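Student: One file is attached below, work37.cif, containing mmCIF, N, CA and C atoms and all ligand atoms.
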data_run
#
loop_
_atom_site.label_atom_id
_atom_site.label_comp_id
_atom_site.auth_asym_id
_atom_site.auth_seq_id
_atom_site.Cartn_x
_atom_site.Cartn_y
_atom_site.Cartn_z
N MET A 1 294.11 104.78 76.51
CA MET A 1 293.74 104.03 75.32
C MET A 1 294.40 102.65 75.40
N ILE A 2 293.65 101.65 75.01
CA ILE A 2 294.14 100.28 75.07
C ILE A 2 294.38 99.77 73.66
N TYR A 3 295.61 99.60 73.26
CA TYR A 3 295.95 99.07 71.94
C TYR A 3 295.22 99.79 70.82
N GLY A 4 295.05 101.07 70.96
CA GLY A 4 294.44 101.85 69.90
C GLY A 4 292.95 101.60 69.74
N TRP A 5 292.37 100.89 70.68
CA TRP A 5 290.96 100.54 70.56
C TRP A 5 290.14 101.52 71.35
N VAL A 6 289.35 102.34 70.67
CA VAL A 6 288.53 103.35 71.32
C VAL A 6 287.11 103.24 70.77
N PRO A 7 286.12 103.18 71.66
CA PRO A 7 284.74 103.16 71.15
C PRO A 7 284.50 104.35 70.23
N MET A 8 283.85 104.09 69.11
CA MET A 8 283.64 105.15 68.12
C MET A 8 282.15 105.49 68.04
N ALA A 9 281.75 106.01 66.94
CA ALA A 9 280.36 106.43 66.78
C ALA A 9 279.41 105.27 67.07
N ARG A 10 278.29 105.61 67.65
CA ARG A 10 277.34 104.58 68.05
C ARG A 10 276.73 103.90 66.84
N ASN A 11 276.50 102.60 66.99
CA ASN A 11 275.85 101.78 65.98
C ASN A 11 276.60 101.73 64.64
N LYS A 12 277.87 102.04 64.64
CA LYS A 12 278.67 101.88 63.43
C LYS A 12 279.69 100.80 63.68
N ALA A 13 279.96 100.01 62.66
CA ALA A 13 280.97 98.97 62.81
C ALA A 13 282.32 99.61 63.08
N MET A 14 282.98 99.13 64.15
CA MET A 14 284.28 99.67 64.52
C MET A 14 285.39 98.92 63.85
N GLY A 15 285.05 97.79 63.31
CA GLY A 15 286.05 96.93 62.70
C GLY A 15 285.50 95.52 62.71
N SER A 16 286.38 94.59 62.51
CA SER A 16 285.93 93.20 62.50
C SER A 16 286.96 92.32 63.17
N VAL A 17 286.50 91.16 63.62
CA VAL A 17 287.37 90.18 64.27
C VAL A 17 287.14 88.85 63.59
N ARG A 18 288.21 88.23 63.12
CA ARG A 18 288.09 86.92 62.50
C ARG A 18 288.28 85.86 63.58
N ILE A 19 287.30 84.96 63.68
CA ILE A 19 287.36 83.85 64.65
C ILE A 19 287.02 82.59 63.88
N GLY A 20 287.99 81.70 63.79
CA GLY A 20 287.77 80.48 63.01
C GLY A 20 287.41 80.85 61.59
N PRO A 21 286.35 80.25 61.04
CA PRO A 21 286.00 80.54 59.64
C PRO A 21 285.15 81.79 59.48
N MET A 22 284.83 82.49 60.58
CA MET A 22 283.88 83.60 60.52
C MET A 22 284.54 84.94 60.79
N THR A 23 284.00 85.98 60.18
CA THR A 23 284.41 87.35 60.46
C THR A 23 283.23 88.08 61.08
N PHE A 24 283.44 88.59 62.28
CA PHE A 24 282.38 89.28 63.03
C PHE A 24 282.61 90.78 62.96
N ASP A 25 281.56 91.54 62.58
CA ASP A 25 281.62 92.99 62.68
C ASP A 25 281.47 93.37 64.15
N VAL A 26 282.28 94.30 64.61
CA VAL A 26 282.19 94.79 65.99
C VAL A 26 281.43 96.12 65.94
N ILE A 27 280.33 96.17 66.70
CA ILE A 27 279.41 97.31 66.61
C ILE A 27 279.14 97.88 68.00
N ASN A 28 279.22 99.18 68.14
CA ASN A 28 278.80 99.88 69.36
C ASN A 28 277.30 100.07 69.32
N VAL A 29 276.62 99.71 70.39
CA VAL A 29 275.16 99.86 70.44
C VAL A 29 274.79 100.61 71.72
N ARG A 30 274.04 101.67 71.57
CA ARG A 30 273.60 102.45 72.73
C ARG A 30 272.52 101.66 73.47
N GLY A 31 272.66 101.49 74.79
CA GLY A 31 271.65 100.83 75.60
C GLY A 31 271.47 99.36 75.24
N LEU A 32 272.57 98.65 75.07
CA LEU A 32 272.50 97.24 74.67
C LEU A 32 271.78 96.41 75.75
N CYS A 33 270.82 95.59 75.32
CA CYS A 33 270.05 94.74 76.22
C CYS A 33 269.94 93.34 75.64
N ASN A 34 269.68 92.39 76.54
CA ASN A 34 269.44 91.02 76.08
C ASN A 34 267.96 90.86 75.71
N GLU A 35 267.57 89.60 75.42
CA GLU A 35 266.19 89.36 74.99
C GLU A 35 265.17 89.68 76.07
N GLU A 36 265.62 89.62 77.36
CA GLU A 36 264.72 89.96 78.47
C GLU A 36 264.76 91.44 78.81
N LYS A 37 265.37 92.23 77.95
CA LYS A 37 265.48 93.69 78.13
C LYS A 37 266.36 94.10 79.30
N ALA A 38 267.21 93.21 79.76
CA ALA A 38 268.16 93.54 80.81
C ALA A 38 269.43 94.10 80.17
N PRO A 39 269.99 95.17 80.77
CA PRO A 39 271.21 95.74 80.20
C PRO A 39 272.36 94.73 80.22
N ILE A 40 273.13 94.70 79.14
CA ILE A 40 274.31 93.83 79.06
C ILE A 40 275.46 94.63 78.48
N PHE A 41 276.68 94.18 78.75
CA PHE A 41 277.86 94.87 78.23
C PHE A 41 278.14 94.50 76.78
N GLY A 42 277.90 93.22 76.44
CA GLY A 42 278.23 92.79 75.08
C GLY A 42 277.53 91.50 74.73
N ILE A 43 277.51 91.19 73.44
CA ILE A 43 276.92 89.94 72.99
C ILE A 43 277.51 89.59 71.63
N ILE A 44 277.77 88.30 71.44
CA ILE A 44 278.19 87.82 70.13
C ILE A 44 277.01 87.07 69.53
N GLU A 45 276.72 87.37 68.28
CA GLU A 45 275.62 86.71 67.59
C GLU A 45 276.18 86.09 66.32
N TYR A 46 275.89 84.80 66.16
CA TYR A 46 276.53 84.04 65.09
C TYR A 46 275.80 84.17 63.76
N ALA A 47 274.47 84.27 63.77
CA ALA A 47 273.74 84.35 62.50
C ALA A 47 274.10 85.62 61.72
N PRO A 48 274.06 86.80 62.39
CA PRO A 48 274.47 88.00 61.65
C PRO A 48 275.98 88.24 61.69
N ALA A 49 276.71 87.39 62.46
CA ALA A 49 278.16 87.53 62.62
C ALA A 49 278.52 88.92 63.14
N THR A 50 277.97 89.24 64.31
CA THR A 50 278.28 90.53 64.93
C THR A 50 278.68 90.33 66.38
N ILE A 51 279.52 91.23 66.84
CA ILE A 51 279.80 91.39 68.26
C ILE A 51 279.34 92.79 68.61
N GLN A 52 278.33 92.88 69.47
CA GLN A 52 277.80 94.18 69.88
C GLN A 52 278.35 94.53 71.25
N ILE A 53 278.79 95.76 71.38
CA ILE A 53 279.34 96.26 72.64
C ILE A 53 278.52 97.48 73.04
N ASP A 54 278.16 97.56 74.33
CA ASP A 54 277.40 98.72 74.79
C ASP A 54 278.23 99.98 74.62
N ALA A 55 277.66 100.98 73.98
CA ALA A 55 278.37 102.21 73.66
C ALA A 55 278.68 103.05 74.89
N GLY A 56 278.04 102.77 76.02
CA GLY A 56 278.25 103.57 77.21
C GLY A 56 279.43 103.10 78.07
N LEU A 57 280.08 102.02 77.67
CA LEU A 57 281.20 101.51 78.46
C LEU A 57 282.44 102.37 78.26
N CYS A 58 283.26 102.46 79.31
CA CYS A 58 284.55 103.12 79.15
C CYS A 58 285.43 102.24 78.27
N ALA A 59 286.52 102.79 77.76
CA ALA A 59 287.37 102.07 76.81
C ALA A 59 287.90 100.76 77.37
N GLN A 60 288.33 100.76 78.64
CA GLN A 60 288.90 99.50 79.17
C GLN A 60 287.83 98.44 79.37
N THR A 61 286.66 98.82 79.86
CA THR A 61 285.60 97.84 80.03
C THR A 61 285.11 97.33 78.68
N ALA A 62 285.04 98.22 77.70
CA ALA A 62 284.63 97.81 76.36
C ALA A 62 285.63 96.83 75.76
N TYR A 63 286.93 97.06 75.99
CA TYR A 63 287.96 96.17 75.44
C TYR A 63 287.90 94.80 76.11
N ILE A 64 287.72 94.77 77.44
CA ILE A 64 287.59 93.49 78.15
C ILE A 64 286.33 92.77 77.67
N THR A 65 285.25 93.52 77.46
CA THR A 65 284.01 92.93 76.97
C THR A 65 284.21 92.36 75.56
N LEU A 66 284.93 93.08 74.72
CA LEU A 66 285.21 92.56 73.38
C LEU A 66 285.95 91.23 73.48
N TRP A 67 286.97 91.18 74.33
CA TRP A 67 287.71 89.92 74.51
C TRP A 67 286.82 88.81 75.05
N HIS A 68 285.93 89.17 75.97
CA HIS A 68 284.99 88.20 76.53
C HIS A 68 284.17 87.58 75.40
N GLU A 69 283.65 88.42 74.51
CA GLU A 69 282.83 87.91 73.40
C GLU A 69 283.68 87.12 72.40
N VAL A 70 284.90 87.56 72.18
CA VAL A 70 285.81 86.81 71.29
C VAL A 70 286.07 85.42 71.85
N LEU A 71 286.26 85.34 73.16
CA LEU A 71 286.50 84.03 73.77
C LEU A 71 285.28 83.12 73.63
N HIS A 72 284.07 83.70 73.78
CA HIS A 72 282.86 82.92 73.48
C HIS A 72 282.94 82.38 72.05
N GLY A 73 283.30 83.26 71.13
CA GLY A 73 283.36 82.87 69.72
C GLY A 73 284.39 81.78 69.46
N ILE A 74 285.54 81.87 70.09
CA ILE A 74 286.58 80.85 69.92
C ILE A 74 286.05 79.49 70.37
N LEU A 75 285.40 79.48 71.53
CA LEU A 75 284.89 78.21 72.05
C LEU A 75 283.78 77.64 71.15
N VAL A 76 282.84 78.48 70.75
CA VAL A 76 281.73 78.00 69.93
C VAL A 76 282.23 77.53 68.56
N CYS A 77 283.15 78.28 67.98
CA CYS A 77 283.70 77.86 66.68
C CYS A 77 284.47 76.55 66.80
N ALA A 78 284.94 76.22 68.01
CA ALA A 78 285.63 74.95 68.24
C ALA A 78 284.66 73.85 68.65
N GLY A 79 283.37 74.14 68.67
CA GLY A 79 282.38 73.13 69.02
C GLY A 79 282.08 73.03 70.49
N VAL A 80 282.63 73.95 71.29
CA VAL A 80 282.38 73.95 72.74
C VAL A 80 281.23 74.93 73.01
N ASP A 81 280.02 74.50 72.70
CA ASP A 81 278.86 75.39 72.85
C ASP A 81 278.53 75.68 74.31
N GLU A 82 278.73 74.71 75.19
CA GLU A 82 278.47 74.90 76.61
C GLU A 82 279.77 75.24 77.31
N HIS A 83 279.83 76.43 77.91
CA HIS A 83 281.03 76.82 78.66
C HIS A 83 280.63 77.76 79.79
N ASP A 84 281.52 77.83 80.73
CA ASP A 84 281.25 78.53 81.98
C ASP A 84 281.49 80.03 81.85
N GLU A 85 280.48 80.83 82.19
CA GLU A 85 280.58 82.29 82.08
C GLU A 85 281.65 82.86 83.01
N GLN A 86 281.76 82.31 84.20
CA GLN A 86 282.75 82.82 85.16
C GLN A 86 284.18 82.60 84.67
N THR A 87 284.40 81.46 84.03
CA THR A 87 285.72 81.19 83.46
C THR A 87 286.04 82.20 82.36
N LEU A 88 285.04 82.53 81.54
CA LEU A 88 285.27 83.51 80.48
C LEU A 88 285.56 84.90 81.05
N LEU A 89 284.88 85.26 82.13
CA LEU A 89 285.16 86.55 82.76
C LEU A 89 286.62 86.60 83.22
N ALA A 90 287.07 85.53 83.84
CA ALA A 90 288.46 85.47 84.30
C ALA A 90 289.43 85.51 83.13
N LEU A 91 289.13 84.76 82.08
CA LEU A 91 290.03 84.73 80.93
C LEU A 91 290.10 86.07 80.21
N ALA A 92 288.95 86.73 80.05
CA ALA A 92 288.95 88.03 79.36
C ALA A 92 289.80 89.05 80.12
N HIS A 93 289.61 89.11 81.43
CA HIS A 93 290.43 90.02 82.23
C HIS A 93 291.90 89.62 82.16
N GLY A 94 292.17 88.32 82.22
CA GLY A 94 293.54 87.83 82.18
C GLY A 94 294.22 88.11 80.85
N VAL A 95 293.53 87.90 79.75
CA VAL A 95 294.11 88.15 78.42
C VAL A 95 294.46 89.63 78.29
N VAL A 96 293.54 90.50 78.67
CA VAL A 96 293.80 91.94 78.54
C VAL A 96 294.97 92.35 79.43
N GLN A 97 295.01 91.83 80.65
CA GLN A 97 296.12 92.17 81.55
C GLN A 97 297.45 91.69 80.98
N VAL A 98 297.50 90.47 80.49
CA VAL A 98 298.76 89.93 79.96
C VAL A 98 299.19 90.73 78.72
N LEU A 99 298.25 91.05 77.83
CA LEU A 99 298.59 91.82 76.63
C LEU A 99 299.11 93.21 77.00
N GLU A 100 298.48 93.84 77.99
CA GLU A 100 298.91 95.19 78.37
C GLU A 100 300.22 95.18 79.14
N SER A 101 300.46 94.13 79.91
CA SER A 101 301.68 94.07 80.72
C SER A 101 302.88 93.57 79.91
N ASN A 102 302.60 93.03 78.73
CA ASN A 102 303.68 92.45 77.92
C ASN A 102 303.55 92.92 76.47
N PRO A 103 303.84 94.20 76.21
CA PRO A 103 303.63 94.72 74.86
C PRO A 103 304.49 94.03 73.80
N ASP A 104 305.56 93.34 74.20
CA ASP A 104 306.42 92.66 73.23
C ASP A 104 305.98 91.22 72.96
N LEU A 105 304.89 90.81 73.55
CA LEU A 105 304.46 89.41 73.44
C LEU A 105 304.28 88.96 71.99
N ARG A 106 303.62 89.76 71.18
CA ARG A 106 303.37 89.37 69.78
C ARG A 106 304.66 89.21 69.00
N SER A 107 305.64 90.01 69.28
CA SER A 107 306.89 89.93 68.51
C SER A 107 307.77 88.79 68.97
N MET A 108 307.45 88.15 70.10
CA MET A 108 308.30 87.06 70.61
C MET A 108 308.32 85.87 69.68
N LYS A 109 307.22 85.57 68.99
CA LYS A 109 307.17 84.44 68.06
C LYS A 109 308.15 84.68 66.92
N ARG A 110 308.10 85.88 66.37
CA ARG A 110 309.00 86.24 65.27
C ARG A 110 310.45 86.21 65.76
N ALA A 111 310.69 86.77 66.94
CA ALA A 111 312.04 86.83 67.47
C ALA A 111 312.59 85.44 67.72
N ARG A 112 311.75 84.54 68.22
CA ARG A 112 312.20 83.18 68.50
C ARG A 112 312.61 82.48 67.21
N LYS A 113 311.83 82.64 66.14
CA LYS A 113 312.17 82.01 64.87
C LYS A 113 313.54 82.49 64.36
N SER A 114 313.79 83.79 64.52
CA SER A 114 315.05 84.33 64.01
C SER A 114 316.24 83.92 64.86
N GLN A 115 315.96 83.42 66.08
CA GLN A 115 317.05 83.03 66.97
C GLN A 115 317.35 81.53 66.90
N LEU A 116 316.57 80.77 66.13
CA LEU A 116 316.83 79.34 66.03
C LEU A 116 318.18 79.10 65.36
N VAL A 117 318.96 78.18 65.91
CA VAL A 117 320.30 77.88 65.37
C VAL A 117 320.16 77.06 64.08
N ARG A 118 319.28 76.08 64.09
CA ARG A 118 319.07 75.30 62.86
C ARG A 118 317.63 74.97 62.64
ZN ZN A 201 279.58 85.84 78.29
#
Before we go any further, please render this structure as structure tokens.
Tutor:
Amino acid sequence: MIYGWVPMARNKAMGSVRIGPMTFDVINVRGLCNEEKAPIFGIIEYAPATIQIDAGLCAQTAYITLWHEVLHGILVCAGVDEHDEQTLLALAHGVVQVLESNPDLRSMKRARKSQLVR
């Protein structure tokens, strides 16, 4: 299990992710495909504010895919509509690896503040 994130019932919102001013529902979809009917792992859609993840993915691939779509969302919400897919693949894998290899990372910000002398 990766950070308590486990694919749940199909086609039900698993939770939500806030990116910039938007909140996206994260949804498992069985047999997720793009507009050309080609199978895809995930997709972020801005009009309905959803991130869809293929329900057939294993937990780690689904989590990396979620991060991949979140990174798309971060860039688009920042006005970077055109971005490189290969870079996002690398970043999604990198973010997940760093988070898993450094479980204390989130608490470092809090710890640093408490250690300031003045
Ligand atoms: Zn992508």
Student: All residues within 8 Å of ligand ZN 201 (chain A) are required, counting all atoms listed in the file; please report them as a ChimeraX atom specification.
Tutor: /A:42-44,68-69,71-72,84-86,88-89
Student: Using only N, CA and C atoms, please write the residues we just selected to a file, as a PDB file, in the coordinates of the input.
Tutor:
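Result went into out_6.pdb, see below:
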ATOM      1  N   GLY A  42     277.900  93.220  76.440  1.00  0.00           N
ATOM      2  CA  GLY A  42     278.230  92.790  75.080  1.00  0.00           C
ATOM      3  C   GLY A  42     277.530  91.500  74.730  1.00  0.00           C
ATOM      4  N   ILE A  43     277.510  91.190  73.440  1.00  0.00           N
ATOM      5  CA  ILE A  43     276.920  89.940  72.990  1.00  0.00           C
ATOM      6  C   ILE A  43     277.510  89.590  71.630  1.00  0.00           C
ATOM      7  N   ILE A  44     277.770  88.300  71.440  1.00  0.00           N
ATOM      8  CA  ILE A  44     278.190  87.820  70.130  1.00  0.00           C
ATOM      9  C   ILE A  44     277.010  87.070  69.530  1.00  0.00           C
ATOM     10  N   HIS A  68     285.930  89.170  75.970  1.00  0.00           N
ATOM     11  CA  HIS A  68     284.990  88.200  76.530  1.00  0.00           C
ATOM     12  C   HIS A  68     284.170  87.580  75.400  1.00  0.00           C
ATOM     13  N   GLU A  69     283.650  88.420  74.510  1.00  0.00           N
ATOM     14  CA  GLU A  69     282.830  87.910  73.400  1.00  0.00           C
ATOM     15  C   GLU A  69     283.680  87.120  72.400  1.00  0.00           C
ATOM     16  N   LEU A  71     286.260  85.340  73.160  1.00  0.00           N
ATOM     17  CA  LEU A  71     286.500  84.030  73.770  1.00  0.00           C
ATOM     18  C   LEU A  71     285.280  83.120  73.630  1.00  0.00           C
ATOM     19  N   HIS A  72     284.070  83.700  73.780  1.00  0.00           N
ATOM     20  CA  HIS A  72     282.860  82.920  73.480  1.00  0.00           C
ATOM     21  C   HIS A  72     282.940  82.380  72.050  1.00  0.00           C
ATOM     22  N   ASP A  84     281.520  77.830  80.730  1.00  0.00           N
ATOM     23  CA  ASP A  84     281.250  78.530  81.980  1.00  0.00           C
ATOM     24  C   ASP A  84     281.490  80.030  81.850  1.00  0.00           C
ATOM     25  N   GLU A  85     280.480  80.830  82.190  1.00  0.00           N
ATOM     26  CA  GLU A  85     280.580  82.290  82.080  1.00  0.00           C
ATOM     27  C   GLU A  85     281.650  82.860  83.010  1.00  0.00           C
ATOM     28  N   GLN A  86     281.760  82.310  84.200  1.00  0.00           N
ATOM     29  CA  GLN A  86     282.750  82.820  85.160  1.00  0.00           C
ATOM     30  C   GLN A  86     284.180  82.600  84.670  1.00  0.00           C
ATOM     31  N   LEU A  88     285.040  82.530  81.540  1.00  0.00           N
ATOM     32  CA  LEU A  88     285.270  83.510  80.480  1.00  0.00           C
ATOM     33  C   LEU A  88     285.560  84.900  81.050  1.00  0.00           C
ATOM     34  N   LEU A  89     284.880  85.260  82.130  1.00  0.00           N
ATOM     35  CA  LEU A  89     285.160  86.550  82.760  1.00  0.00           C
ATOM     36  C   LEU A  89     286.620  86.600  83.220  1.00  0.00           C
TER      37      LEU A  89
END
Student: Using atom CA of Ala38 of chain A and atom CA of Thr61 of chain A as the two end points, give the distance in Å to one decimal.
Tutor: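 Computing it gives 18.0 Å between the two atoms.
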Student: Take atom CA of Ala55 of chain A and atom CA of Ala13 of chain A and report the distance between them in Å, one decimal.
Tutor: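 Atom-to-atom, atom CA of Ala55 of chain A and atom CA of Ala13 of chain A are spaced 11.6 Å apart.
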Student: Could you pull out the strand (DSSP E or B) residues of chain A, going by DSSP on the backbone, and write them as an MDAnalysis selection string?
Tutor: chainID A and resid 2 5 13:19 22:29 33 39 42:45 50:54
Student: Excluding segment 24-27 of chain A and any residue of its chain fewer than 3 positions from it, enumerate the residues within 12 Å of it, using only C-alpha atoms, and give them as an MDAnalysis selection string.
Tutor: chainID A and resid 5:21 30 32 41:55 62:63 65:67 69:70 73:74
Student: Would you compute the distance between atom CA of Ile40 of chain A and atom N of Cys58 of chain A? Give it in Å to one decimal.
Tutor: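 Calculated distance between atom CA of Ile40 of chain A and atom N of Cys58 of chain A is 12.4 Å.
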Student: Could you find all residues in chain A that DSSP calls helix (DSSP H, G or I) from the backbone, and write them as a ChimeraX atom specification?
Tutor: /A:59-77,85-101,105-115
Student: Could you dump the residues just selected with N, CA and C atoms as a CSV table (one decimal), in the coordinates of the input?
Tutor:
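Result saved to selection18.csv:
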chain,number,residue,atom,x,y,z
A,59,ALA,N,286.5,102.8,77.8
A,59,ALA,CA,287.4,102.1,76.8
A,59,ALA,C,287.9,100.8,77.4
A,60,GLN,N,288.3,100.8,78.6
A,60,GLN,CA,288.9,99.5,79.2
A,60,GLN,C,287.8,98.4,79.4
A,61,THR,N,286.7,98.8,79.9
A,61,THR,CA,285.6,97.8,80.0
A,61,THR,C,285.1,97.3,78.7
A,62,ALA,N,285.0,98.2,77.7
A,62,ALA,CA,284.6,97.8,76.4
A,62,ALA,C,285.6,96.8,75.8
A,63,TYR,N,286.9,97.1,76.0
A,63,TYR,CA,288.0,96.2,75.4
A,63,TYR,C,287.9,94.8,76.1
A,64,ILE,N,287.7,94.8,77.4
A,64,ILE,CA,287.6,93.5,78.2
A,64,ILE,C,286.3,92.8,77.7
A,65,THR,N,285.2,93.5,77.5
A,65,THR,CA,284.0,92.9,77.0
A,65,THR,C,284.2,92.4,75.6
A,66,LEU,N,284.9,93.1,74.7
A,66,LEU,CA,285.2,92.6,73.4
A,66,LEU,C,286.0,91.2,73.5
A,67,TRP,N,287.0,91.2,74.3
A,67,TRP,CA,287.7,89.9,74.5
A,67,TRP,C,286.8,88.8,75.0
A,68,HIS,N,285.9,89.2,76.0
A,68,HIS,CA,285.0,88.2,76.5
A,68,HIS,C,284.2,87.6,75.4
A,69,GLU,N,283.6,88.4,74.5
A,69,GLU,CA,282.8,87.9,73.4
A,69,GLU,C,283.7,87.1,72.4
A,70,VAL,N,284.9,87.6,72.2
A,70,VAL,CA,285.8,86.8,71.3
A,70,VAL,C,286.1,85.4,71.8
A,71,LEU,N,286.3,85.3,73.2
A,71,LEU,CA,286.5,84.0,73.8
A,71,LEU,C,285.3,83.1,73.6
A,72,HIS,N,284.1,83.7,73.8
A,72,HIS,CA,282.9,82.9,73.5
A,72,HIS,C,282.9,82.4,72.0
A,73,GLY,N,283.3,83.3,71.1
A,73,GLY,CA,283.4,82.9,69.7
A,73,GLY,C,284.4,81.8,69.5
A,74,ILE,N,285.5,81.9,70.1
A,74,ILE,CA,286.6,80.8,69.9
A,74,ILE,C,286.0,79.5,70.4
A,75,LEU,N,285.4,79.5,71.5
A,75,LEU,CA,284.9,78.2,72.0
A,75,LEU,C,283.8,77.6,71.2
A,76,VAL,N,282.8,78.5,70.8
A,76,VAL,CA,281.7,78.0,69.9
A,76,VAL,C,282.2,77.5,68.6
A,77,CYS,N,283.2,78.3,68.0
A,77,CYS,CA,283.7,77.9,66.7
A,77,CYS,C,284.5,76.6,66.8
A,85,GLU,N,280.5,80.8,82.2
A,85,GLU,CA,280.6,82.3,82.1
A,85,GLU,C,281.6,82.9,83.0
A,86,GLN,N,281.8,82.3,84.2
A,86,GLN,CA,282.8,82.8,85.2
A,86,GLN,C,284.2,82.6,84.7
A,87,THR,N,284.4,81.5,84.0
A,87,THR,CA,285.7,81.2,83.5
A,87,THR,C,286.0,82.2,82.4
A,88,LEU,N,285.0,82.5,81.5
A,88,LEU,CA,285.3,83.5,80.5
A,88,LEU,C,285.6,84.9,81.0
A,89,LEU,N,284.9,85.3,82.1
A,89,LEU,CA,285.2,86.6,82.8
A,89,LEU,C,286.6,86.6,83.2
A,90,ALA,N,287.1,85.5,83.8
A,90,ALA,CA,288.5,85.5,84.3
A,90,ALA,C,289.4,85.5,83.1
A,91,LEU,N,289.1,84.8,82.1
A,91,LEU,CA,290.0,84.7,80.9
A,91,LEU,C,290.1,86.1,80.2
A,92,ALA,N,289.0,86.7,80.0
A,92,ALA,CA,289.0,88.0,79.4
A,92,ALA,C,289.8,89.0,80.1
A,93,HIS,N,289.6,89.1,81.4
A,93,HIS,CA,290.4,90.0,82.2
A,93,HIS,C,291.9,89.6,82.2
A,94,GLY,N,292.2,88.3,82.2
A,94,GLY,CA,293.5,87.8,82.2
A,94,GLY,C,294.2,88.1,80.8
A,95,VAL,N,293.5,87.9,79.8
A,95,VAL,CA,294.1,88.2,78.4
A,95,VAL,C,294.5,89.6,78.3
A,96,VAL,N,293.5,90.5,78.7
A,96,VAL,CA,293.8,91.9,78.5
A,96,VAL,C,295.0,92.4,79.4
A,97,GLN,N,295.0,91.8,80.6
A,97,GLN,CA,296.1,92.2,81.6
A,97,GLN,C,297.4,91.7,81.0
A,98,VAL,N,297.5,90.5,80.5
A,98,VAL,CA,298.8,89.9,80.0
A,98,VAL,C,299.2,90.7,78.7
A,99,LEU,N,298.2,91.0,77.8
A,99,LEU,CA,298.6,91.8,76.6
A,99,LEU,C,299.1,93.2,77.0
A,100,GLU,N,298.5,93.8,78.0
A,100,GLU,CA,298.9,95.2,78.4
A,100,GLU,C,300.2,95.2,79.1
A,101,SER,N,300.5,94.1,79.9
A,101,SER,CA,301.7,94.1,80.7
A,101,SER,C,302.9,93.6,79.9
A,105,LEU,N,304.9,90.8,73.6
A,105,LEU,CA,304.5,89.4,73.4
A,105,LEU,C,304.3,89.0,72.0
A,106,ARG,N,303.6,89.8,71.2
A,106,ARG,CA,303.4,89.4,69.8
A,106,ARG,C,304.7,89.2,69.0
A,107,SER,N,305.6,90.0,69.3
A,107,SER,CA,306.9,89.9,68.5
A,107,SER,C,307.8,88.8,69.0
A,108,MET,N,307.4,88.2,70.1
A,108,MET,CA,308.3,87.1,70.6
A,108,MET,C,308.3,85.9,69.7
A,109,LYS,N,307.2,85.6,69.0
A,109,LYS,CA,307.2,84.4,68.1
A,109,LYS,C,308.2,84.7,66.9
A,110,ARG,N,308.1,85.9,66.4
A,110,ARG,CA,309.0,86.2,65.3
A,110,ARG,C,310.4,86.2,65.8
A,111,ALA,N,310.7,86.8,66.9
A,111,ALA,CA,312.0,86.8,67.5
A,111,ALA,C,312.6,85.4,67.7
A,112,ARG,N,311.8,84.5,68.2
A,112,ARG,CA,312.2,83.2,68.5
A,112,ARG,C,312.6,82.5,67.2
A,113,LYS,N,311.8,82.6,66.1
A,113,LYS,CA,312.2,82.0,64.9
A,113,LYS,C,313.5,82.5,64.4
A,114,SER,N,313.8,83.8,64.5
A,114,SER,CA,315.0,84.3,64.0
A,114,SER,C,316.2,83.9,64.9
A,115,GLN,N,316.0,83.4,66.1
A,115,GLN,CA,317.0,83.0,67.0
A,115,GLN,C,317.4,81.5,66.9
